[in-house]
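Read the structure below first, then the notes.
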Amino acid sequence: MRPVAIIQARMGSRRLPGKVLREICGKPMLWHVVQRVRQVRMIKKVVVATSSLSIDAPICKFCDSEDISCFRGCEQDVLDRFYWAARENKADPIIRLTGDCPFVDPQVVSKLLVLFSGGQYDHVGVATGAGALFLEGGRYPDGLDCECFTMAALEKAWNEATLTSDREHVTPFIWRSPDRFRVGSLRAINNYGQYRWVVDNEADFDLVSQVYEALYPANEFFLMQDILEFLARHPDVGDLNQSYVGHENYEAVWFPDRNRSNLEEGSAE
């Protein structure tokens with residue numbers, strides 16, 4: 001096994017442009033994501049995968065300045081970008097994360113890798129937030145998302161997937177086909193689906209920033225439980241983005257229009 005984490009990131013978010021390089025406690029959000037992923041001992045390398053568009057040049061410049069590996073590929077066909085990033089870095093399995101989840105928990109990622117390595121899986125994912133509403137069992141907060149899958153599964157998806165949502169979101173072609181792939185999920189003991197820790201808008205960024213300002217100075221790699229305890233003491237912070245919970249439109253990924261086969265404008269990043 002050569003577990004390589006690939007973090008997808010771009011500057012062109014429609015709801016919050018440039019979000020991955022917005023600073024939290026004096027460092028870009030993407031920097032925090034990379035440092036937290038580097039705490040996972042099983043991961044051999046961390047790579048940022050961005051697009052080849054000029055708008056994303058600042059991400060490459062940032063990576064160069066911080067000695068972070070960077071791969072550039074197709075903006076809209078993120079599956080293609082991941083495939084070539086994985087090949088170039090000899091990744092197997094691939095750990096997929098996104099640059100807008102600054103609370104990524106090293107312990108949760110480690111648990112996912114243990115599940116993957118011990119279960120003969122093609123794909124395992126952390127069951128999070130509203131994205132796991134179609135599955136039974138406990139869910140982690142939205143924003144602790146992580147997936148682990150084999151290069152063989154990724155290559156099959158890259159060769160065969162034609163739907164826009166499958167190319168844009170990288171792995172639906174795999175985990176929507178349990179008859180073809182061995183899939184599993186890491187479930188939380190309790191349900192935390194009411195928490196939204198992904199950054200898509202200003203309210204999300206405000207929540208994340210306030211948590212970082214409170215916890216980061218004393219513990220750079222605070223964990224999920226630390227955040228939950230802080231929000232229990234400060235429910236006003238947790239309420240900042242509650243109006244966005246459950247509006248992620250994951251149904252479009254679970255139940256895509258089978259007649260759509262051409263890439264359209266948009267991105268999951």
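Residues in the structure tokens are numbered from 1 in each chain, the chains being A, B, ... in the order shown, and ligands are numbered from 1 in the order shown.
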Just the helix (DSSP H, G or I) stuff from region 84-172 of chain A, please, per backbone DSSP, written as a VMD selection string.
-> chain A and resid 84 to 88 106 to 118 129 to 132 151 to 160 164 to 169 172
Please, which residues in region 160-234 of chain A fall within 12 Å of region 116-124 of chain A when counting only C-alpha atoms, and what is the closest atom pair and distance in Å to one decimal for each, ordered by chain then residue number, as CSV?
```
residue,atom,partner,partner_atom,distance
A:Val170,CA,A:His123,CA,12.0
A:Thr171,CA,A:His123,CA,8.7
A:Pro172,CA,A:His123,CA,10.4
A:Phe173,CA,A:His123,CA,10.9
A:Ile174,CA,A:His123,CA,7.3
A:Trp175,CA,A:His123,CA,6.9
A:Arg176,CA,A:His123,CA,10.7
A:Ser177,CA,A:His123,CA,10.6
A:Pro178,CA,A:His123,CA,9.7
A:Asp179,CA,A:Asp122,CA,11.7
A:Arg180,CA,A:Asp122,CA,9.5
A:Phe181,CA,A:Asp122,CA,5.9
A:Arg182,CA,A:Tyr121,CA,5.0
A:Val183,CA,A:His123,CA,4.8
A:Gly184,CA,A:Val124,CA,4.6
A:Ser185,CA,A:Val124,CA,5.0
A:Leu186,CA,A:Val124,CA,7.1
A:Arg187,CA,A:Val124,CA,10.5
```
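For the atom pair formed by CA of Trp158 (chain A) and CA of Phe82 (chain A), the distance is 9.1 Å, given to one decimal.
Residues with any atom within 12 Å of Pro28 (chain A), counting only C-alpha atoms and excluding same-chain neighbours fewer than 3 positions away, are Gly18, Lys19, Val20, Leu21, Arg22, Glu23, Ile24, Cys25, Trp31, His32, Val33, Val34, Gln35, Pro58, Ile59, Phe62, Cys63, Glu66, Gly99, Asp100, Pro102 and Ser209 of chain A.
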Dump N, CA and C atoms for the selected residues as a compact mmCIF listing (two decimals), in the first residue's frame?
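Generated output (part_26.txt):
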```txt
# COMPACT_ATOMS: atom_id res chain seq x y z
N GLY A 18 -12.29 32.17 -3.97
CA GLY A 18 -11.01 32.23 -3.29
C GLY A 18 -10.98 31.68 -1.89
N LYS A 19 -12.02 30.93 -1.52
CA LYS A 19 -12.16 30.53 -0.12
C LYS A 19 -10.98 29.70 0.39
N VAL A 20 -10.39 28.85 -0.44
CA VAL A 20 -9.36 27.94 0.07
C VAL A 20 -8.10 28.67 0.51
N LEU A 21 -7.91 29.91 0.04
CA LEU A 21 -6.74 30.68 0.46
C LEU A 21 -7.10 31.81 1.43
N ARG A 22 -8.35 31.87 1.86
CA ARG A 22 -8.72 32.84 2.89
C ARG A 22 -8.07 32.44 4.20
N GLU A 23 -7.61 33.43 4.93
CA GLU A 23 -6.82 33.13 6.13
C GLU A 23 -7.68 32.87 7.36
N ILE A 24 -7.24 31.87 8.11
CA ILE A 24 -7.81 31.55 9.41
C ILE A 24 -6.64 31.50 10.39
N CYS A 25 -6.67 32.32 11.40
CA CYS A 25 -5.57 32.40 12.37
C CYS A 25 -4.23 32.62 11.68
N TRP A 31 -3.82 25.57 3.91
CA TRP A 31 -2.65 25.23 4.73
C TRP A 31 -3.06 24.40 5.93
N HIS A 32 -4.13 24.82 6.59
CA HIS A 32 -4.61 24.08 7.76
C HIS A 32 -5.04 22.66 7.37
N VAL A 33 -5.73 22.54 6.24
CA VAL A 33 -6.17 21.22 5.79
C VAL A 33 -4.96 20.31 5.57
N VAL A 34 -3.96 20.80 4.87
CA VAL A 34 -2.76 20.01 4.58
C VAL A 34 -2.06 19.58 5.87
N GLN A 35 -1.89 20.51 6.79
CA GLN A 35 -1.18 20.18 8.03
C GLN A 35 -1.93 19.14 8.86
N PRO A 58 -2.63 30.99 -8.12
CA PRO A 58 -2.24 31.30 -6.74
C PRO A 58 -2.16 30.06 -5.84
N ILE A 59 -2.96 29.04 -6.15
CA ILE A 59 -2.88 27.82 -5.35
C ILE A 59 -1.53 27.15 -5.56
N PHE A 62 1.14 29.13 -3.80
CA PHE A 62 1.08 28.83 -2.37
C PHE A 62 1.73 27.50 -2.06
N CYS A 63 1.41 26.47 -2.83
CA CYS A 63 1.97 25.14 -2.61
C CYS A 63 3.50 25.17 -2.75
N GLU A 66 5.16 26.57 0.28
CA GLU A 66 5.04 25.77 1.49
C GLU A 66 5.55 24.33 1.30
N GLY A 99 -10.44 21.00 -0.09
CA GLY A 99 -9.77 22.10 0.57
C GLY A 99 -10.67 23.03 1.35
N ASP A 100 -11.98 22.76 1.34
CA ASP A 100 -12.91 23.61 2.08
C ASP A 100 -13.43 22.94 3.35
N PRO A 102 -11.75 22.59 6.74
CA PRO A 102 -10.61 22.84 7.62
C PRO A 102 -10.68 22.15 8.97
N SER A 209 -13.96 30.17 11.58
CA SER A 209 -12.99 31.13 12.10
C SER A 209 -13.11 31.28 13.61
```
Return as a list in words the full set of residues in region 18-77 of chain A whose backbone-based DSSP assignment is strand (DSSP E or B).
-> Glu23, Ile24, Lys27, Pro28, Lys45, Val46, Val47, Val48, Ala49, Thr50, Ser51, Ser69, Cys70, Phe71, Arg72 and Gly73 of chain A
Find the spatial neighbours of Ser69 (chain A), counting only C-alpha atoms, within a cut-off of 10 Å - ignore same-chain residues fewer than 5 positions away - and output them as a ChimeraX atom specification.
-> /A:6,45-49,60,63-64,89
Which of A:Phe221, A:Phe230, A:Phe103, A:Tyr195 sits closest to Cys146 (chain A) [using only C-alpha atoms] | A:Phe103
